[in-house]
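Note: the block below is final.txt and it holds compact mmCIF, C-alpha atoms and all ligand atoms.
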# COMPACT_ATOMS: atom_id res chain seq x y z
CA MET B 30 58.79 -76.43 -82.21
CA ILE B 31 57.81 -73.31 -80.21
CA GLU B 32 58.52 -69.85 -81.61
CA VAL B 33 57.56 -66.81 -79.56
CA GLU B 34 58.20 -63.33 -80.89
CA ASN B 35 57.72 -60.13 -78.94
CA LEU B 36 54.76 -61.57 -77.03
CA SER B 37 52.85 -59.25 -74.68
CA LYS B 38 49.75 -59.43 -72.54
CA HIS B 39 48.61 -56.24 -70.88
CA PHE B 40 45.69 -56.06 -68.48
CA HIS B 41 43.68 -52.95 -67.75
CA ILE B 42 43.13 -52.86 -64.03
CA ARG B 43 40.24 -50.69 -62.85
CA LYS B 44 41.16 -48.41 -60.00
CA HIS B 45 38.83 -48.84 -57.04
CA HIS B 46 38.21 -45.64 -55.16
CA LYS B 47 37.25 -45.87 -51.56
CA GLY B 48 33.96 -44.41 -50.46
CA ALA B 49 30.46 -44.20 -51.83
CA PHE B 50 29.36 -44.86 -55.38
CA ALA B 51 30.34 -41.69 -57.23
CA GLY B 52 27.64 -41.70 -59.92
CA TRP B 53 27.22 -43.29 -63.32
CA LYS B 54 29.55 -40.92 -65.13
CA ASN B 55 32.42 -41.96 -62.89
CA PHE B 56 31.42 -45.58 -63.24
CA PHE B 57 31.97 -45.47 -66.97
CA THR B 58 35.04 -43.26 -66.95
CA ARG B 59 36.66 -44.91 -63.97
CA GLU B 60 40.43 -44.72 -64.28
CA SER B 61 42.39 -47.82 -65.05
CA THR B 62 46.06 -48.67 -64.93
CA LEU B 63 47.91 -50.82 -67.36
CA LEU B 64 49.54 -53.96 -66.03
CA ARG B 65 52.15 -55.40 -68.37
CA ALA B 66 51.93 -59.01 -67.20
CA VAL B 67 54.00 -60.19 -70.17
CA ASP B 68 55.95 -57.53 -71.99
CA GLY B 69 57.77 -58.30 -75.24
CA ILE B 70 59.05 -61.82 -74.70
CA SER B 71 60.84 -63.78 -77.44
CA PHE B 72 62.27 -67.27 -77.37
CA SER B 73 62.32 -70.51 -79.30
CA ILE B 74 62.24 -74.08 -78.04
CA GLN B 75 63.38 -77.08 -80.08
CA ARG B 76 61.64 -80.41 -80.25
CA GLY B 77 62.41 -82.64 -77.26
CA GLU B 78 63.71 -79.87 -75.01
CA THR B 79 62.54 -79.56 -71.40
CA VAL B 80 62.66 -75.93 -70.41
CA GLY B 81 62.07 -74.52 -66.93
CA TYR B 82 60.19 -71.22 -66.87
CA LEU B 83 61.02 -69.50 -63.59
CA GLY B 84 60.27 -66.24 -61.88
CA PRO B 85 58.95 -64.80 -58.63
CA ASN B 86 55.21 -64.60 -57.86
CA GLY B 87 53.37 -62.44 -60.36
CA ALA B 88 56.26 -62.47 -62.86
CA GLY B 89 54.04 -63.47 -65.80
CA LYS B 90 54.68 -67.21 -66.04
CA SER B 91 51.08 -68.45 -65.98
CA THR B 92 50.00 -65.68 -68.32
CA THR B 93 52.63 -66.85 -70.83
CA ILE B 94 51.57 -70.50 -70.49
CA LYS B 95 47.92 -69.52 -70.96
CA MET B 96 48.77 -67.70 -74.18
CA LEU B 97 50.92 -70.56 -75.46
CA SER B 98 48.18 -73.05 -74.72
CA GLY B 99 45.64 -70.79 -76.44
CA LEU B 100 43.57 -69.98 -73.35
CA LEU B 101 44.42 -66.28 -73.47
CA PHE B 102 44.59 -64.00 -76.43
CA PRO B 103 47.76 -61.86 -76.43
CA THR B 104 47.81 -58.09 -76.64
CA SER B 105 50.52 -58.32 -79.30
CA GLY B 106 53.23 -60.57 -80.63
CA LYS B 107 53.48 -63.84 -82.51
CA VAL B 108 53.39 -67.44 -81.34
CA SER B 109 53.81 -70.54 -83.44
CA VAL B 110 53.71 -73.95 -81.80
CA GLY B 111 54.34 -76.91 -84.09
CA GLY B 112 53.47 -74.58 -86.98
CA LEU B 113 50.09 -73.59 -85.50
CA VAL B 114 48.87 -70.40 -83.85
CA PRO B 115 47.47 -71.45 -80.43
CA TRP B 116 44.38 -69.23 -80.47
CA GLN B 117 43.40 -70.07 -84.06
CA ASN B 118 42.07 -73.43 -85.19
CA ARG B 119 41.61 -74.57 -81.59
CA LYS B 120 40.52 -78.08 -82.46
CA ALA B 121 43.66 -78.93 -84.41
CA TYR B 122 45.80 -77.20 -81.82
CA VAL B 123 44.52 -78.91 -78.67
CA SER B 124 45.14 -82.31 -80.23
CA ARG B 125 48.85 -81.42 -80.44
CA ILE B 126 49.33 -80.16 -76.88
CA GLY B 127 48.83 -81.36 -73.33
CA VAL B 128 48.30 -78.90 -70.48
CA VAL B 129 48.42 -79.39 -66.72
CA PHE B 130 47.71 -76.60 -64.27
CA GLY B 131 48.80 -77.73 -60.82
CA GLN B 132 46.31 -75.36 -59.21
CA ARG B 133 43.23 -76.74 -60.92
CA THR B 134 42.05 -79.92 -62.54
CA THR B 135 40.84 -80.52 -66.07
CA LEU B 136 39.01 -83.66 -64.90
CA TRP B 137 35.30 -83.88 -64.14
CA TRP B 138 34.92 -83.38 -60.43
CA ASP B 139 32.10 -85.83 -59.82
CA LEU B 140 33.18 -88.60 -62.18
CA PRO B 141 35.46 -91.51 -61.32
CA VAL B 142 38.93 -91.01 -62.82
CA ILE B 143 38.47 -93.70 -65.48
CA GLU B 144 35.28 -92.09 -66.76
CA SER B 145 36.97 -88.72 -67.03
CA LEU B 146 39.79 -90.34 -69.00
CA GLU B 147 37.30 -92.07 -71.29
CA LEU B 148 35.61 -88.75 -71.93
CA PHE B 149 38.98 -87.35 -72.99
CA GLN B 150 39.39 -90.32 -75.31
CA HIS B 151 36.17 -89.30 -77.08
CA ILE B 152 36.93 -85.59 -77.11
CA TYR B 153 40.38 -86.15 -78.62
CA LYS B 154 39.24 -89.10 -80.74
CA VAL B 155 42.03 -91.34 -79.49
CA PRO B 156 41.84 -94.72 -81.29
CA ALA B 157 40.76 -97.49 -78.88
CA GLU B 158 43.99 -99.48 -79.17
CA ARG B 159 46.14 -96.41 -78.60
CA PHE B 160 44.01 -95.38 -75.63
CA ARG B 161 44.37 -98.84 -74.06
CA SER B 162 48.13 -99.00 -74.47
CA ASN B 163 48.70 -95.44 -73.25
CA LEU B 164 46.41 -95.99 -70.30
CA LYS B 165 48.21 -99.18 -69.36
CA GLU B 166 51.62 -97.49 -69.57
CA PHE B 167 50.56 -94.39 -67.59
CA GLU B 168 48.61 -96.43 -65.06
CA ASP B 169 51.77 -98.37 -64.21
CA LEU B 170 54.14 -95.40 -64.26
CA LEU B 171 51.87 -93.14 -62.25
CA GLY B 172 50.33 -95.80 -59.99
CA LEU B 173 46.76 -94.89 -60.90
CA LYS B 174 45.14 -98.29 -60.36
CA GLU B 175 44.27 -97.85 -56.69
CA PHE B 176 42.06 -94.82 -57.38
CA MET B 177 40.88 -95.35 -60.96
CA HIS B 178 37.29 -95.74 -59.77
CA THR B 179 37.33 -92.95 -57.19
CA PRO B 180 35.54 -89.69 -58.01
CA VAL B 181 38.02 -86.90 -58.70
CA ARG B 182 36.67 -84.79 -55.83
CA SER B 183 37.76 -87.49 -53.35
CA LEU B 184 41.35 -87.75 -54.58
CA SER B 185 44.33 -86.46 -52.63
CA LEU B 186 46.25 -83.65 -54.31
CA GLY B 187 49.03 -86.01 -55.39
CA GLN B 188 46.57 -88.52 -56.84
CA ARG B 189 44.69 -85.77 -58.65
CA MET B 190 47.90 -84.44 -60.18
CA ARG B 191 48.85 -87.92 -61.42
CA ALA B 192 45.40 -88.37 -62.97
CA ASP B 193 45.66 -84.94 -64.60
CA LEU B 194 49.05 -85.80 -66.09
CA CYS B 195 47.64 -89.00 -67.49
CA ALA B 196 44.68 -87.12 -68.99
CA ALA B 197 47.00 -84.55 -70.57
CA LEU B 198 49.04 -87.23 -72.35
CA LEU B 199 46.50 -89.80 -73.48
CA HIS B 200 46.24 -88.28 -76.95
CA ASP B 201 50.03 -88.35 -77.52
CA PRO B 202 50.63 -84.61 -77.62
CA GLU B 203 53.99 -83.44 -78.95
CA ILE B 204 54.12 -80.55 -76.52
CA LEU B 205 53.39 -80.47 -72.82
CA PHE B 206 52.75 -77.26 -70.88
CA LEU B 207 53.04 -77.77 -67.13
CA ASP B 208 52.16 -74.97 -64.75
CA GLU B 209 53.45 -75.91 -61.30
CA PRO B 210 52.86 -79.65 -61.62
CA THR B 211 54.39 -80.44 -58.22
CA ILE B 212 52.86 -77.64 -56.15
CA GLY B 213 51.81 -78.74 -52.68
CA LEU B 214 53.03 -82.32 -53.07
CA ASP B 215 55.21 -84.29 -50.67
CA ILE B 216 58.73 -85.31 -51.66
CA LEU B 217 57.80 -88.81 -52.84
CA ALA B 218 54.87 -87.57 -54.91
CA LYS B 219 57.10 -84.91 -56.46
CA GLU B 220 59.71 -87.50 -57.35
CA ARG B 221 57.15 -89.75 -58.96
CA ILE B 222 55.89 -86.90 -61.11
CA ARG B 223 59.39 -85.84 -62.09
CA GLU B 224 60.28 -89.40 -63.09
CA PHE B 225 57.15 -89.57 -65.17
CA ILE B 226 57.84 -86.31 -66.99
CA LEU B 227 61.42 -87.43 -67.62
CA HIS B 228 60.17 -90.74 -68.98
CA VAL B 229 57.68 -89.09 -71.34
CA ASN B 230 60.29 -86.61 -72.54
CA GLN B 231 62.89 -89.30 -73.19
CA GLN B 232 60.66 -92.03 -74.62
CA ARG B 233 58.37 -89.86 -76.72
CA GLU B 234 60.56 -86.83 -77.36
CA THR B 235 57.76 -84.68 -75.95
CA THR B 236 58.74 -81.02 -75.70
CA VAL B 237 58.09 -79.72 -72.18
CA LEU B 238 57.71 -76.18 -70.90
CA LEU B 239 57.43 -76.16 -67.14
CA THR B 240 56.82 -73.45 -64.55
CA THR B 241 57.73 -74.24 -61.00
CA HIS B 242 58.90 -72.74 -57.74
CA ASP B 243 60.60 -76.00 -56.85
CA LEU B 244 64.14 -75.88 -58.09
CA SER B 245 64.60 -79.62 -57.64
CA ASP B 246 62.09 -79.98 -60.49
CA VAL B 247 64.37 -77.84 -62.60
CA GLN B 248 67.53 -79.66 -61.60
CA THR B 249 66.03 -83.06 -62.36
CA LEU B 250 64.26 -82.16 -65.56
CA CYS B 251 65.63 -79.12 -67.35
CA GLN B 252 68.77 -78.54 -69.36
CA ARG B 253 67.66 -74.99 -69.93
CA VAL B 254 65.92 -72.33 -67.85
CA MET B 255 64.27 -69.06 -68.72
CA ILE B 256 63.82 -66.51 -65.97
CA ILE B 257 61.11 -63.90 -66.22
CA ASP B 258 60.29 -60.96 -63.97
CA HIS B 259 57.86 -58.09 -64.42
CA GLY B 260 56.93 -59.58 -67.78
CA HIS B 261 60.47 -59.46 -69.18
CA LEU B 262 62.66 -62.38 -70.08
CA LEU B 263 65.84 -61.88 -68.11
CA TYR B 264 67.81 -65.05 -68.60
CA ASP B 265 67.68 -67.84 -71.15
CA GLY B 266 70.37 -70.47 -70.92
CA ASP B 267 71.73 -73.49 -69.13
CA ILE B 268 72.01 -73.97 -65.39
CA PRO B 269 75.84 -74.15 -65.12
CA THR B 270 76.15 -70.75 -66.88
CA LEU B 271 73.51 -69.32 -64.56
CA GLN B 272 75.43 -70.65 -61.56
CA LYS B 273 78.69 -69.25 -62.86
CA ARG B 274 77.28 -65.80 -63.47
CA PHE B 275 74.99 -65.36 -60.54
CA GLY B 276 75.87 -68.12 -58.13
CA GLY B 277 77.49 -67.48 -54.80
CA GLU B 278 81.00 -68.58 -54.01
CA ARG B 279 82.25 -72.14 -54.23
CA GLU B 280 83.83 -73.79 -51.23
CA LEU B 281 86.93 -75.91 -50.92
CA ILE B 282 87.21 -77.86 -47.67
CA VAL B 283 90.74 -79.05 -47.02
CA ASP B 284 92.09 -81.40 -44.35
CA PHE B 285 95.78 -80.66 -43.80
CA ALA B 286 98.34 -83.10 -42.48
CA GLU B 287 99.16 -80.74 -39.61
CA THR B 288 98.04 -77.45 -38.06
CA TYR B 289 99.70 -74.53 -39.84
CA PRO B 290 100.07 -71.07 -38.30
CA ASP B 291 98.95 -69.43 -41.54
CA VAL B 292 96.83 -71.03 -44.27
CA SER B 293 96.13 -68.03 -46.51
CA ILE B 294 96.22 -68.51 -50.28
CA PRO B 295 95.98 -65.85 -53.01
CA GLY B 296 92.64 -66.05 -54.86
CA ALA B 297 90.62 -67.51 -51.97
CA LYS B 298 89.28 -66.40 -48.62
CA VAL B 299 89.77 -68.45 -45.49
CA GLY B 300 86.38 -69.20 -43.96
CA LYS B 301 85.95 -71.73 -41.18
CA TRP B 302 89.26 -72.82 -39.69
CA ASP B 303 89.20 -75.68 -37.22
CA HIS B 304 92.67 -77.07 -36.45
CA THR B 305 93.64 -79.04 -39.55
CA ARG B 306 90.35 -78.46 -41.42
CA VAL B 307 90.06 -75.21 -43.38
CA THR B 308 87.19 -74.03 -45.58
CA TYR B 309 88.20 -71.70 -48.41
CA THR B 310 85.64 -69.73 -50.41
CA PHE B 311 86.45 -68.76 -54.00
CA LYS B 312 84.77 -67.55 -57.16
CA ASP B 313 87.06 -66.28 -59.90
CA ILE B 314 89.63 -69.05 -59.92
CA ALA B 315 89.41 -72.68 -61.06
CA ALA B 316 89.25 -75.25 -58.26
CA SER B 317 92.23 -77.12 -59.77
CA GLU B 318 94.36 -73.96 -59.72
CA LEU B 319 93.42 -73.28 -56.10
CA ILE B 320 94.27 -76.84 -55.11
CA ARG B 321 97.62 -76.54 -56.92
CA ARG B 322 98.46 -73.35 -55.03
CA ILE B 323 97.54 -74.90 -51.69
CA SER B 324 99.40 -78.14 -52.28
CA GLU B 325 102.56 -76.21 -53.22
CA ARG B 326 102.63 -74.74 -49.72
CA TYR B 327 100.97 -77.26 -47.45
CA SER B 328 100.49 -80.97 -47.14
CA ILE B 329 96.92 -82.00 -47.98
CA VAL B 330 95.27 -85.18 -46.64
CA ASP B 331 91.78 -84.79 -48.07
CA LEU B 332 89.61 -82.24 -49.86
CA THR B 333 86.05 -81.60 -51.04
CA VAL B 334 84.71 -78.96 -53.45
CA LYS B 335 81.18 -77.69 -52.77
CA GLU B 336 79.23 -75.96 -55.52
CA PRO B 337 76.78 -73.19 -54.65
CA ASP B 338 73.24 -74.59 -54.77
CA ILE B 339 70.83 -73.43 -57.44
CA GLU B 340 68.33 -72.47 -54.74
CA GLY B 341 70.82 -69.89 -53.43
CA THR B 342 71.62 -68.66 -56.94
CA ILE B 343 67.98 -68.03 -57.82
CA ARG B 344 67.29 -66.40 -54.44
CA ASN B 345 70.27 -64.15 -55.08
CA ILE B 346 68.85 -63.16 -58.47
CA TYR B 347 65.32 -62.43 -57.20
CA GLN B 348 66.48 -60.56 -54.11
CA HIS B 349 69.07 -58.37 -55.71
CA ASP B 350 67.44 -57.81 -59.05
CA LEU B 351 70.70 -59.06 -60.55
CA LEU B 352 69.23 -59.50 -63.98
CA SER B 353 67.60 -56.13 -64.34
CA ALA B 354 69.74 -55.51 -67.41
CA PRO B 355 68.41 -58.12 -69.83
CA VAL B 356 70.95 -60.52 -71.33
N1 LIG G 1 43.01 -61.87 -65.79
C1 LIG G 1 43.82 -60.99 -65.20
N2 LIG G 1 43.43 -59.72 -64.97
C2 LIG G 1 44.25 -58.83 -64.40
N3 LIG G 1 45.50 -59.10 -64.01
C3 LIG G 1 45.96 -60.35 -64.18
C4 LIG G 1 45.15 -61.37 -64.79
N4 LIG G 1 45.87 -62.52 -64.84
C5 LIG G 1 47.08 -62.23 -64.30
N5 LIG G 1 47.12 -60.94 -63.89
C6 LIG G 1 48.29 -60.26 -63.28
O1 LIG G 1 49.39 -60.43 -64.14
C7 LIG G 1 50.59 -60.59 -63.38
C8 LIG G 1 51.25 -61.88 -63.78
O2 LIG G 1 50.47 -62.97 -63.30
P1 LIG G 1 50.86 -64.49 -63.56
O3 LIG G 1 49.74 -65.33 -63.01
O4 LIG G 1 51.23 -64.69 -64.97
O5 LIG G 1 52.15 -64.64 -62.63
P2 LIG G 1 53.01 -65.92 -62.28
O6 LIG G 1 54.42 -65.63 -62.69
O7 LIG G 1 52.38 -67.15 -62.84
O8 LIG G 1 52.93 -65.92 -60.68
P3 LIG G 1 52.81 -67.10 -59.58
O9 LIG G 1 54.19 -67.66 -59.44
O10 LIG G 1 52.39 -66.34 -58.36
O11 LIG G 1 51.79 -68.08 -60.08
C9 LIG G 1 50.17 -60.54 -61.91
O12 LIG G 1 50.40 -59.24 -61.44
C10 LIG G 1 48.68 -60.86 -61.95
O13 LIG G 1 48.01 -60.26 -60.87

What would the structure in this file look like if it were written as structure tokens?
Ligand SMILES: Nc1ncnc2c1ncn2[C@@H]1O[C@H](COP(=O)(O)OP(=O)(O)OP(=O)(O)O)[C@@H](O)[C@H]1O
Amino acid sequence: MIEVENLSKHFHIRKHHKGAFAGWKNFFTRESTLLRAVDGISFSIQRGETVGYLGPNGAGKSTTIKMLSGLLFPTSGKVSVGGLVPWQNRKAYVSRIGVVFGQRTTLWWDLPVIESLELFQHIYKVPAERFRSNLKEFEDLLGLKEFMHTPVRSLSLGQRMRADLCAALLHDPEILFLDEPTIGLDILAKERIREFILHVNQQRETTVLLTTHDLSDVQTLCQRVMIIDHGHLLYDGDIPTLQKRFGGERELIVDFAETYPDVSIPGAKVGKWDHTRVTYTFKDIAASELIRRISERYSIVDLTVKEPDIEGTIRNIYQHDLLSAPV
């Protein structure tokens, strides 16, 4: 559905020298540096996938989404989305995709929501019956009724985002590009939006590419994540593999039948030790094997295994540049 090959976007950034205007010659020859916002990225996404596109601030996520949605022309590389090139034949292309930028609205600021949506109906030539049934479905799922007649400028951020999502999907696009769709929202609003995206993906087999800094979005929605930094794709795979490779240690909390003088076990470290409750940390051994080793020596009453959280895994990757050798 989406094929990206060696895609790059480089920006020339003019250097600004401090001090007075240095004359016209300097104005025209002013030095510039090259910023490789996206630098040779390749991936493919199958129909119906929901892929999380992650990376620290300035990594190149929005620049990629802008190129895929045809808003930016790449410096080099190839993109094919549903067989079309995003920046050619714009009219045909925009009817196949939906785009939501969490940071800005595509709706008309001064118009009531419903009028903005009706304008989209005309722009995308959505048949009246289809428009009505989609609107009804999205209105219910997103709870739009209460503010359908409110001008967009008066909406809360959460309401605006819901209206934008509705607008992006009214013409039944096969592909949805979402750039931080839950940014700045409270927990309930985020959940509502996640449920909606999940619904659309499952019911309509819409392919979704999503950038976010909220890893709960990723955990709820994505089977696959791509991590980008400094314009390079550093990881492309599923979340369990990411956790396994870059996650911190797992924990096994054991309640013993009695207090033992020594609770050490090969393959695990003893962490917190409070009378009969001991927390082991481990990484390179299966939980079942560790439990077997412990139960051979001591009498166990209860136990819990705690997985490292994805939040910690991603932080670990960003902080320690763990992926600097591309996989
Ligand atoms: N039009 C532009 N001109 C010059 N530089 C740009 C332009 N657009 C983006 N950049 C730069 O390209 C780099 C990548 O920006 P981009 O917006 O793609 O990052 P991002 O991963 O979406 O970050 P964030 O998570 O902060 O939104 C940044 O250094 C940014 O300053």

9 Å shell around ligand LIG 1 (chain G) using only C-alpha atoms and all ligand atoms, listed as a PyMOL selection string = chain B and resi 38-42+64-67+83-95+101+208-209+240-242+257-260

Output file for the residues above (C-alpha atoms, as a short mmCIF file (atom, residue, chain, number, x, y, z; two decimals), in the coordinates of the input):
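Dumped everything to again.cif:
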data_model
loop_
_atom_site.label_atom_id
_atom_site.label_comp_id
_atom_site.auth_asym_id
_atom_site.auth_seq_id
_atom_site.Cartn_x
_atom_site.Cartn_y
_atom_site.Cartn_z
CA LYS B 38 49.75 -59.43 -72.54
CA HIS B 39 48.61 -56.24 -70.88
CA PHE B 40 45.69 -56.06 -68.48
CA HIS B 41 43.68 -52.95 -67.75
CA ILE B 42 43.13 -52.86 -64.03
CA LEU B 64 49.54 -53.96 -66.03
CA ARG B 65 52.15 -55.40 -68.37
CA ALA B 66 51.93 -59.01 -67.20
CA VAL B 67 54.00 -60.19 -70.17
CA LEU B 83 61.02 -69.50 -63.59
CA GLY B 84 60.27 -66.24 -61.88
CA PRO B 85 58.95 -64.80 -58.63
CA ASN B 86 55.21 -64.60 -57.86
CA GLY B 87 53.37 -62.44 -60.36
CA ALA B 88 56.26 -62.47 -62.86
CA GLY B 89 54.04 -63.47 -65.80
CA LYS B 90 54.68 -67.21 -66.04
CA SER B 91 51.08 -68.45 -65.98
CA THR B 92 50.00 -65.68 -68.32
CA THR B 93 52.63 -66.85 -70.83
CA ILE B 94 51.57 -70.50 -70.49
CA LYS B 95 47.92 -69.52 -70.96
CA LEU B 101 44.42 -66.28 -73.47
CA ASP B 208 52.16 -74.97 -64.75
CA GLU B 209 53.45 -75.91 -61.30
CA THR B 240 56.82 -73.45 -64.55
CA THR B 241 57.73 -74.24 -61.00
CA HIS B 242 58.90 -72.74 -57.74
CA ILE B 257 61.11 -63.90 -66.22
CA ASP B 258 60.29 -60.96 -63.97
CA HIS B 259 57.86 -58.09 -64.42
CA GLY B 260 56.93 -59.58 -67.78
#

Using all atoms listed in the file, find each residue in stretch 105-201 of chain B having at least one atom no more than 8 Å away from stretch 211-216 of chain B; report its shortest atom-to-atom pair and that distance in Å (one decimal), rows by chain then rising number, as a tab-separated table.
residue	atom	partner	partner_atom	distance
B:Gly131	CA	B:Ile212	CA	6.2
B:Gln132	CA	B:Ile212	CA	7.6
B:Leu186	CA	B:Leu214	CA	7.0
B:Gly187	CA	B:Leu214	CA	5.9
B:Met190	CA	B:Thr211	CA	7.9

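Across the model, the gap from atom CA of B:Ile222 to atom CA of B:Ile70 is 28.7 Å.
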
Of the listed residues B:Val307, B:Val283, B:Tyr289, B:Leu271, that which approaches B:Gly341 most closely, counting all atoms listed in the file |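 Comparing B:Val307, B:Val283, B:Tyr289, B:Leu271 against B:Gly341, the winner is B:Leu271.
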
With all atoms listed in the file as the basis for distance, which of B:Val114, B:Ile256, B:Leu263, B:Ile343 is at the shortest distance from B:Leu244?
->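 Checking each of B:Val114, B:Ile256, B:Leu263, B:Ile343 against B:Leu244, counting all atoms listed in the file, the winner is B:Ile343.
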
Skip stretch 161-172 of chain B itself and residues of its chain fewer than 3 positions away, then list as a list of chain:residue names all residues within 8 Å of it, counting only C-alpha atoms.
->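 In the requested form, the answer reads B:Ala157, B:Glu158, B:Glu175, B:Arg191, B:Cys195, B:Leu199, B:Arg221, B:Ile222, B:Phe225.
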
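Proximity ranking of B:Leu205, B:Leu227, B:Leu136, B:Val128 relative to B:Pro180 places B:Leu136 first, based on all atoms listed in the file.
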
From the list B:Met96, B:Leu217, B:Val33, B:Val330, which residue is nearest B:Glu287 when using all atoms listed in the file?
->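 Closest residue, counting all atoms listed in the file: B:Val330.
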
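If you look at atom CA of B:Lys335 and atom CA of B:Leu281, they are 6.3 Å away from each other.
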
Any idea what the distance is between atom CA of B:Thr288 and atom CA of B:Thr308?
-> 13.6 Å

From the list B:Val229, B:Ile339, B:Leu262, B:Ile294, the nearest residue to B:Tyr327 using all atoms listed in the file is B:Ile294

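Nearest residue to B:Ile346 among B:Gly277, B:Ala315, B:Glu78, B:Val299 is B:Gly277, counting only C-alpha atoms.
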
Please identify all polymer residues within 9 Å of stretch 248-250 of chain B, counting only C-alpha atoms, omitting same-chain residues fewer than 2 positions from it, and present them as a list of chain:residue names.
->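 Close residues of stretch 248-250 of chain B: B:Thr79, B:Val80, B:Gly81, B:Arg223, B:Glu224, B:Ile226, B:Leu227, B:Leu244, B:Ser245, B:Asp246, B:Gln252, B:Ile268, B:Ile339.
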
Selection near B:His200, 7 Å with all atoms listed in the file, sequence-local residues under 4 positions removed, as an NGL selection string = :B and (124 or 153 or 155)

Any chance you can output those residues with C-alpha atoms as a compact mmCIF listing (two decimals), keeping the file's coordinate frame?
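Resulting contents of again25.txt:
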# COMPACT_ATOMS: atom_id res chain seq x y z
CA SER B 124 45.14 -82.31 -80.23
CA TYR B 153 40.38 -86.15 -78.62
CA VAL B 155 42.03 -91.34 -79.49

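Close contacts of stretch 316-319 of chain B, defined as residues with an atom at most 12 Å away when counting only C-alpha atoms, with chain neighbours fewer than 5 positions off set aside, comprise Glu278, Arg279, Glu280, Leu281, Ile282, Val283, Ser293, Ile294, Pro295, Gly296, Ala297, Lys298, Tyr309, Thr310, Phe311, Ser324, Glu325, Arg326, Leu332, Thr333, Val334, Lys335 and Glu336 of chain B.
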